[in-house]
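Engineer: This structure is in C-alpha cells; I'll ask about it shortly.
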Number of protein chains: 2
Amino acid sequence: MSVHTTTDHTPRPNSLYDIGMTSDTNPIVSLVEFTYKKSVEIFGENVPAEYVYQVKKGAVRTYKLLSDGRRQIAAFHLPGDIFGLENGATYRSTAEAIIETTVLLIKRQSLETVAESDAVVIRSLLTATTKSLQHVENHLLLLGRKDAVEKVAAFLLEMDERLSGAGSVTLPMSRRDIADYLGLSLETVSRLLSQLRRAGALDFVGTTHRELKLLDRKQLLAFNLRD
Amino acid sequence: MSVHTTTDHTPRPNSLYDIGMTSDTNPIVSLVEFTYKKSVEIFGENVPAEYVYQVKKGAVRTYKLLSDGRRQIAAFHLPGDIFGLENGATYRSTAEAIIETTVLLIKRQSLETVAESDAVVIRSLLTATTKSLQHVENHLLLLGRKDAVEKVAAFLLEMDERLSGAGSVTLPMSRRDIADYLGLSLETVSRLLSQLRRAGALDFVGTTHRELKLLDRKQLLAFNLRD
DNA sequence: CGGGGGCTTGAGGCCACTCAACGATAGTGG
DNA sequence: CCACTATCGTTGAGTGGCCTCAAGCCCCCG
C-alpha cells in the first residue's frame, strides 16, 4: 500500500491556513496533498503517528477492531475534517479511505516545532481535539442508550447536516459501515431504512440506494428530541 | 467553602502543580478546595463553564440524559482526574459527586489568561483533553461491540487498575451507575457479577457488595484479550 | 422499629441478532 | 460487448441475549 515517504507525495506550496493552523508570526510549513483509492488504509492502529490529516475530498472512517473481527467505527471524516491528531507516539485507531479520497497532510514533527513557539497553533490543535471529544461523547449516548430507530434517525440527520443540509444526501459509506458506526447489524440498518421509507420519512433516489432524500425531517427529529 | 490563595512560588498542596498546569514563568493562580456531599451536582449540562476541576478525594460521574430519563455515564472521575475542561462556553455534561468528594477548582478565566502567555499551560490542557478522548474512544468500542460479560469484565479491570491495582476494589458507585456506564440494565450488571462470582473470578467481601476481590484476573482478561 | 434504598434473583417477553436466500449492480476479463 | 463474479442491499424466519416487571432480602438510618 501507500507508504509515506516524502517522495511519494507531490509537494505543493500551501500554508497552514488550510488546516486551520496558522498565525501571522509563523513560518510557512509545507503541506502535501495525497489521494487514496477506495478501501485503502491511511494509517494503522498502534503505528507511529507521523502525520496529521485533513480531508479535502472524499470520506474516511476511523475504527477499532476486536480480535474476532468486530469493528466499531468511531467517526466518519468528511471534507474539512481533521483526523490523525495524536498526543502519544502512535495512532489509536485505523483510518481508511471509504471512497477515493484526497487529503492534505502535514508532518507532525514540523507542526510540533511550530507549536513550540506559537501558542496559537497549539490552541488550534486543542480546539480540533475538543471538537472530536464532543462528537464522541454524543456518540456514547447514542451507542449506550438509544434504540435502533433512534440511532438510524440520528445518523441520517447527522449526515444530512454534514453533507448537504438540503435534505438530499449521497452516502459514501456502505450499510456495513453504518452498522459498525451505530453498533447495529447491517441487516437491522437496512430494515430500518426501509421502514423509514415506508413511513414516508425518506426516499431512495438512485439505483445504488445510497442516494437518499429526507422527506420528513420532523419525523426523524422526533426520534432525537428525546435528548 | 475554604479558599486558599497562594501568594508565593513555593510548590504547595494547592499550587497549579497539582492540576498539572504549571510552568516556571507563570504567575501563581489561585486554587480553591471544595467538598461536595453524596449525590450533589457539581455542574449541570449547558450551564456556563466557569471552573475546571480536579478530584482530590472521592468520585465523580459525568453523564448525559435523554428527555425520558435514560442516562449515559461518560466517565467516572477518581482522585487525580481532571474534569469540566471545556472549550466552548458551557459544560457538555452534568457532573455529580458519587460519594463525599473533595475537588480542587480553578477559575477557567484565570487559566485562559495564563494560557495566553504560556504555551506550556495550553499544552497541559491539550494533554488532559487527549487523555479524555482516548478513554472515551475505548468506551465507544465497549458500548458498541462488546456483550454484557465483556463489558462487566472490562469495568472490573478498569476499576481495579484505577483504584488499587491490588485486586481489592471498593467501588464508590451503585449498580445503577455501573449499568449506565456500560449501557446495560442494573439487573444485568447484578446478574453478571453473581455469575462471575460463581465462576470463581471474584468474590464479595463486605456486606454492602461494593467491596470486591478479584480472584482470577486471567478469567476476566480472557474477555478482554478480544481487542 | 418502621421505612427506604440498594442488591439479588426469577419469569416472561421483545428487540435486535444470526442464518439464509435472493435480486440488483458494478467491476473484470475474455 | 457480454458472461461471470464479487459485492452490496433487501427481506424473511427463527433464536437468543438482555430487557422489563416483580418479589424478596439485607442493611442502614431516622
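In the C-alpha cells, the first chain shown is A, the next is B, and so on; residue numbers restart at 1 for each chain, and ligands run from 1 in the order shown.
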Please report as JSON lines every residue of region 195-216 of chain A lying within 12 Å of region 5-28 of chain C, along with the nearest atom pair and their distance in Å (one decimal), using only C-alpha atoms (C1' of nucleotides).

Structural biologist:
{"residue": "A:Gly206", "atom": "CA", "partner": "C:DT25", "partner_atom": "C1'", "distance": 11.5}
{"residue": "A:Thr207", "atom": "CA", "partner": "C:DT25", "partner_atom": "C1'", "distance": 8.1}
{"residue": "A:Thr208", "atom": "CA", "partner": "C:DT25", "partner_atom": "C1'", "distance": 7.3}
{"residue": "A:His209", "atom": "CA", "partner": "C:DT25", "partner_atom": "C1'", "distance": 10.5}

Engineer: Hey, can you spit out that residue selection with N, CA, C and O atoms as a PDB file, in the first residue's frame?

Structural biologist:
ATOM      1  N   GLY A 206     -31.414   7.086  -6.298  1.00  0.00           N
ATOM      2  CA  GLY A 206     -30.735   6.378  -7.382  1.00  0.00           C
ATOM      3  C   GLY A 206     -30.978   4.885  -7.335  1.00  0.00           C
ATOM      4  O   GLY A 206     -31.884   4.407  -6.668  1.00  0.00           O
ATOM      5  N   THR A 207     -30.151   4.163  -8.048  1.00  0.00           N
ATOM      6  CA  THR A 207     -30.273   2.709  -8.074  1.00  0.00           C
ATOM      7  C   THR A 207     -29.425   2.072  -6.982  1.00  0.00           C
ATOM      8  O   THR A 207     -29.647   0.931  -6.591  1.00  0.00           O
ATOM      9  N   THR A 208     -28.434   2.818  -6.502  1.00  0.00           N
ATOM     10  CA  THR A 208     -27.476   2.242  -5.553  1.00  0.00           C
ATOM     11  C   THR A 208     -28.024   2.177  -4.126  1.00  0.00           C
ATOM     12  O   THR A 208     -27.473   1.517  -3.277  1.00  0.00           O
ATOM     13  N   HIS A 209     -29.102   2.914  -3.894  1.00  0.00           N
ATOM     14  CA  HIS A 209     -29.671   3.014  -2.550  1.00  0.00           C
ATOM     15  C   HIS A 209     -28.743   3.720  -1.580  1.00  0.00           C
ATOM     16  O   HIS A 209     -28.804   3.507  -0.381  1.00  0.00           O
TER      17      HIS A 209
END

Engineer: Residues of chain A were defined as contacting chain C if any atom lay at most 8 Å from it, counting only C-alpha atoms (C1' of nucleotides); please report them as a PDB file with C-alpha atoms, in the first residue's frame.

Structural biologist:
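New file selection.pdb:
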ATOM      1  CA  LEU A 184     -26.044  -2.496  14.927  1.00  0.00           C
ATOM      2  CA  SER A 185     -26.047  -5.327  12.397  1.00  0.00           C
ATOM      3  CA  THR A 188     -31.014  -4.029  11.050  1.00  0.00           C
ATOM      4  CA  THR A 208     -27.476   2.242  -5.553  1.00  0.00           C
TER       5      THR A 208
END

Engineer: Could the residues of chain D within 12 Å of chain A, counting only C-alpha atoms (C1' of nucleotides), be given as an MDAnalysis selection string, please?

Structural biologist: chainID D and resid 7:12

Engineer: Neighbours of Gly69 (chain B) within 12 Å (only C-alpha atoms (C1' of nucleotides); same-chain residues fewer than 2 positions away dropped), as JSON, numbers by chain?

Structural biologist: {"A": [145, 146, 226, 227], "B": [63, 64, 65, 66, 67, 71, 72, 180]}

Engineer: Looking only at the backbone, which of the residues in region 172-207 of chain B does DSSP tag as helix (DSSP H, G or I), as a VMD selection string?

Structural biologist: chain B and resid 175 to 182 186 to 198

Engineer: Residues of chain A within 8 Å of chain B, counting only C-alpha atoms, what are they? List them as a PyMOL selection string.

Structural biologist: chain A and resi 64-68+70-72+74+86-87+92+116-119+122-123+125-127+129-130+132-134+136-137+139-141+143-145+180+182-184+225-227

Engineer: Please write the residues from the selection above to a file, keeping N, CA and C atoms, as a CSV table (one decimal), in the first residue's frame.

Structural biologist:
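Heads up, here's the output in result00.csv:
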chain,number,residue,atom,x,y,z
A,64,LYS,N,-11.8,0.9,15.5
A,64,LYS,CA,-11.0,0.0,16.3
A,64,LYS,C,-11.6,-1.4,16.1
A,65,LEU,N,-10.8,-2.4,16.2
A,65,LEU,CA,-11.2,-3.8,16.0
A,65,LEU,C,-11.0,-4.6,17.3
A,66,LEU,N,-11.9,-5.6,17.4
A,66,LEU,CA,-11.6,-6.7,18.4
A,66,LEU,C,-11.0,-7.8,17.6
A,67,SER,N,-10.4,-8.7,18.4
A,67,SER,CA,-9.6,-9.7,17.7
A,67,SER,C,-10.4,-10.7,16.8
A,68,ASP,N,-11.7,-10.8,17.2
A,68,ASP,CA,-12.6,-11.7,16.4
A,68,ASP,C,-13.3,-11.0,15.2
A,70,ARG,N,-15.0,-8.0,15.2
A,70,ARG,CA,-16.0,-7.0,15.5
A,70,ARG,C,-15.3,-5.6,15.4
A,71,ARG,N,-16.1,-4.7,14.8
A,71,ARG,CA,-15.5,-3.4,14.5
A,71,ARG,C,-16.4,-2.3,15.0
A,72,GLN,N,-15.8,-1.3,15.6
A,72,GLN,CA,-16.5,-0.1,15.9
A,72,GLN,C,-15.9,1.1,15.2
A,74,ALA,N,-15.4,4.9,15.0
A,74,ALA,CA,-15.6,6.0,15.9
A,74,ALA,C,-16.1,7.2,15.2
A,86,GLU,N,-2.8,13.1,17.2
A,86,GLU,CA,-2.4,12.3,18.4
A,86,GLU,C,-1.5,13.1,19.3
A,87,ASN,N,-1.5,12.7,20.6
A,87,ASN,CA,-0.6,13.3,21.5
A,87,ASN,C,0.5,12.3,21.8
A,92,ARG,N,-4.3,5.7,17.5
A,92,ARG,CA,-5.1,4.9,18.4
A,92,ARG,C,-6.2,4.2,17.6
A,116,GLU,N,5.7,24.9,19.3
A,116,GLU,CA,6.5,25.3,20.5
A,116,GLU,C,6.7,26.8,20.6
A,117,SER,N,6.8,27.5,19.5
A,117,SER,CA,7.0,28.9,19.5
A,117,SER,C,5.7,29.7,19.3
A,118,ASP,N,4.6,29.0,19.1
A,118,ASP,CA,3.4,29.6,18.8
A,118,ASP,C,2.2,29.1,19.5
A,119,ALA,N,1.7,29.8,20.5
A,119,ALA,CA,0.6,29.3,21.2
A,119,ALA,C,-0.7,29.2,20.4
A,122,ILE,N,-1.0,25.7,19.0
A,122,ILE,CA,-1.4,24.7,20.0
A,122,ILE,C,-2.9,24.8,20.3
A,123,ARG,N,-3.3,26.1,20.3
A,123,ARG,CA,-4.7,26.3,20.6
A,123,ARG,C,-5.6,25.7,19.5
A,125,LEU,N,-4.9,23.2,17.8
A,125,LEU,CA,-4.9,21.7,18.0
A,125,LEU,C,-5.9,21.4,19.1
A,126,LEU,N,-5.8,22.2,20.2
A,126,LEU,CA,-6.7,21.9,21.3
A,126,LEU,C,-8.2,22.0,20.8
A,127,THR,N,-8.5,23.0,20.0
A,127,THR,CA,-9.8,23.2,19.5
A,127,THR,C,-10.3,22.0,18.7
A,129,THR,N,-9.1,19.0,18.8
A,129,THR,CA,-9.2,17.8,19.7
A,129,THR,C,-10.5,17.9,20.5
A,130,THR,N,-10.9,19.0,21.0
A,130,THR,CA,-12.1,19.2,21.7
A,130,THR,C,-13.3,18.9,20.9
A,132,SER,N,-13.5,16.8,18.4
A,132,SER,CA,-13.6,15.4,18.3
A,132,SER,C,-14.2,14.8,19.6
A,133,LEU,N,-13.7,15.3,20.7
A,133,LEU,CA,-14.2,14.8,22.0
A,133,LEU,C,-15.7,15.0,22.1
A,134,GLN,N,-16.2,16.2,21.7
A,134,GLN,CA,-17.6,16.5,21.8
A,134,GLN,C,-18.4,15.5,21.0
A,136,VAL,N,-17.6,12.5,20.0
A,136,VAL,CA,-17.5,11.1,20.5
A,136,VAL,C,-18.4,11.0,21.8
A,137,GLU,N,-18.4,12.1,22.6
A,137,GLU,CA,-19.3,12.0,23.8
A,137,GLU,C,-20.7,11.9,23.4
A,139,HIS,N,-21.8,10.5,20.8
A,139,HIS,CA,-21.9,9.1,20.3
A,139,HIS,C,-22.0,8.1,21.4
A,140,LEU,N,-21.4,8.3,22.5
A,140,LEU,CA,-21.5,7.4,23.6
A,140,LEU,C,-23.0,7.3,24.0
A,141,LEU,N,-23.7,8.4,24.1
A,141,LEU,CA,-25.1,8.4,24.5
A,141,LEU,C,-25.9,7.6,23.5
A,143,LEU,N,-24.8,5.1,21.4
A,143,LEU,CA,-24.4,3.7,21.5
A,143,LEU,C,-25.0,3.0,22.7
A,144,GLY,N,-24.9,3.8,23.8
A,144,GLY,CA,-25.3,3.1,25.1
A,144,GLY,C,-26.8,3.1,25.4
A,145,ARG,N,-27.5,4.1,24.9
A,145,ARG,CA,-28.8,4.3,25.4
A,145,ARG,C,-29.9,4.5,24.3
A,180,ASP,N,-21.6,-0.5,11.7
A,180,ASP,CA,-20.4,-0.5,12.7
A,180,ASP,C,-20.2,0.8,13.3
A,182,LEU,N,-23.0,2.6,14.2
A,182,LEU,CA,-24.2,2.7,15.1
A,182,LEU,C,-24.3,1.6,16.1
A,183,GLY,N,-23.4,0.6,16.0
A,183,GLY,CA,-23.5,-0.5,16.9
A,183,GLY,C,-24.6,-1.4,16.6
A,184,LEU,N,-24.9,-1.6,15.3
A,184,LEU,CA,-26.0,-2.5,14.9
A,184,LEU,C,-25.5,-3.5,13.9
A,225,LEU,N,-35.6,14.3,19.6
A,225,LEU,CA,-36.0,15.3,20.6
A,225,LEU,C,-35.9,14.7,21.9
A,226,ARG,N,-35.6,13.5,22.0
A,226,ARG,CA,-35.5,12.8,23.2
A,226,ARG,C,-34.3,13.1,24.0
A,227,ASP,N,-33.4,13.9,23.5
A,227,ASP,CA,-32.2,14.3,24.3
A,227,ASP,C,-32.1,15.8,24.5

Engineer: Can you check which residues of region 30-202 of chain B DSSP gives as strand (DSSP E) on the backbone and send them as a VMD selection string?

Structural biologist: chain B and resid 31 to 36 41 to 43 51 to 57 60 to 65 71 to 77 82 to 83 94 to 97 101 to 107 168 to 170 202

Engineer: Contacts of Asp203 (chain A) at 7 Å or less, counting only C-alpha atoms (C1' of nucleotides), minus same-chain residues fewer than 4 places along, as a list in words?

Structural biologist: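 Non-adjacent residues within range: Arg197, Leu212, Lys213, Leu214 and Leu215 of chain A.
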
Engineer: Since we have the selection now, will you write its residues out, keeping N, CA, C and O atoms, as a PDB file, in the first residue's frame?

Structural biologist:
ATOM      1  N   ARG A 197     -38.585   4.535   5.059  1.00  0.00           N
ATOM      2  CA  ARG A 197     -39.086   4.887   3.739  1.00  0.00           C
ATOM      3  C   ARG A 197     -40.582   4.593   3.651  1.00  0.00           C
ATOM      4  O   ARG A 197     -41.373   5.407   3.185  1.00  0.00           O
ATOM      5  N   LEU A 212     -30.108   9.388  -0.817  1.00  0.00           N
ATOM      6  CA  LEU A 212     -31.340   9.483  -0.041  1.00  0.00           C
ATOM      7  C   LEU A 212     -31.917  10.878  -0.123  1.00  0.00           C
ATOM      8  O   LEU A 212     -31.185  11.860  -0.267  1.00  0.00           O
ATOM      9  N   LYS A 213     -33.227  10.935  -0.038  1.00  0.00           N
ATOM     10  CA  LYS A 213     -33.891  12.218   0.116  1.00  0.00           C
ATOM     11  C   LYS A 213     -34.671  12.188   1.424  1.00  0.00           C
ATOM     12  O   LYS A 213     -35.489  11.298   1.644  1.00  0.00           O
ATOM     13  N   LEU A 214     -34.359  13.129   2.303  1.00  0.00           N
ATOM     14  CA  LEU A 214     -35.077  13.184   3.573  1.00  0.00           C
ATOM     15  C   LEU A 214     -36.366  13.966   3.371  1.00  0.00           C
ATOM     16  O   LEU A 214     -36.338  15.168   3.115  1.00  0.00           O
ATOM     17  N   LEU A 215     -37.486  13.284   3.450  1.00  0.00           N
ATOM     18  CA  LEU A 215     -38.776  13.896   3.146  1.00  0.00           C
ATOM     19  C   LEU A 215     -39.427  14.512   4.367  1.00  0.00           C
ATOM     20  O   LEU A 215     -40.052  15.557   4.282  1.00  0.00           O
TER      21      LEU A 215
END

Engineer: Take CA of Val103 (chain B) and CA of Lys38 (chain B) and report the distance between them in Å, one decimal.

Structural biologist: 13.1 Å

Engineer: Tell me, as a list in words, which residues lie within 10 Å of region 165-167 of chain A, counting only C-alpha atoms (C1' of nucleotides); anything in the same chain fewer than 2 positions away does not count.

Structural biologist: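 Selected residues are Leu156, Leu157, Glu158, Met159, Asp160, Glu161, Arg162, Leu163, Val169, Leu202, Leu212, Lys213, Leu214, Leu215, Asp216 and Arg217 of chain A.
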
Engineer: Write out as a VMD selection string each polymer residue whose atoms come within 9 Å of Glu100 (chain B), counting only C-alpha atoms (C1' of nucleotides); drop sequence neighbours fewer than 3 positions from it.

Structural biologist: chain B and resid 35 to 40 57 to 59 97
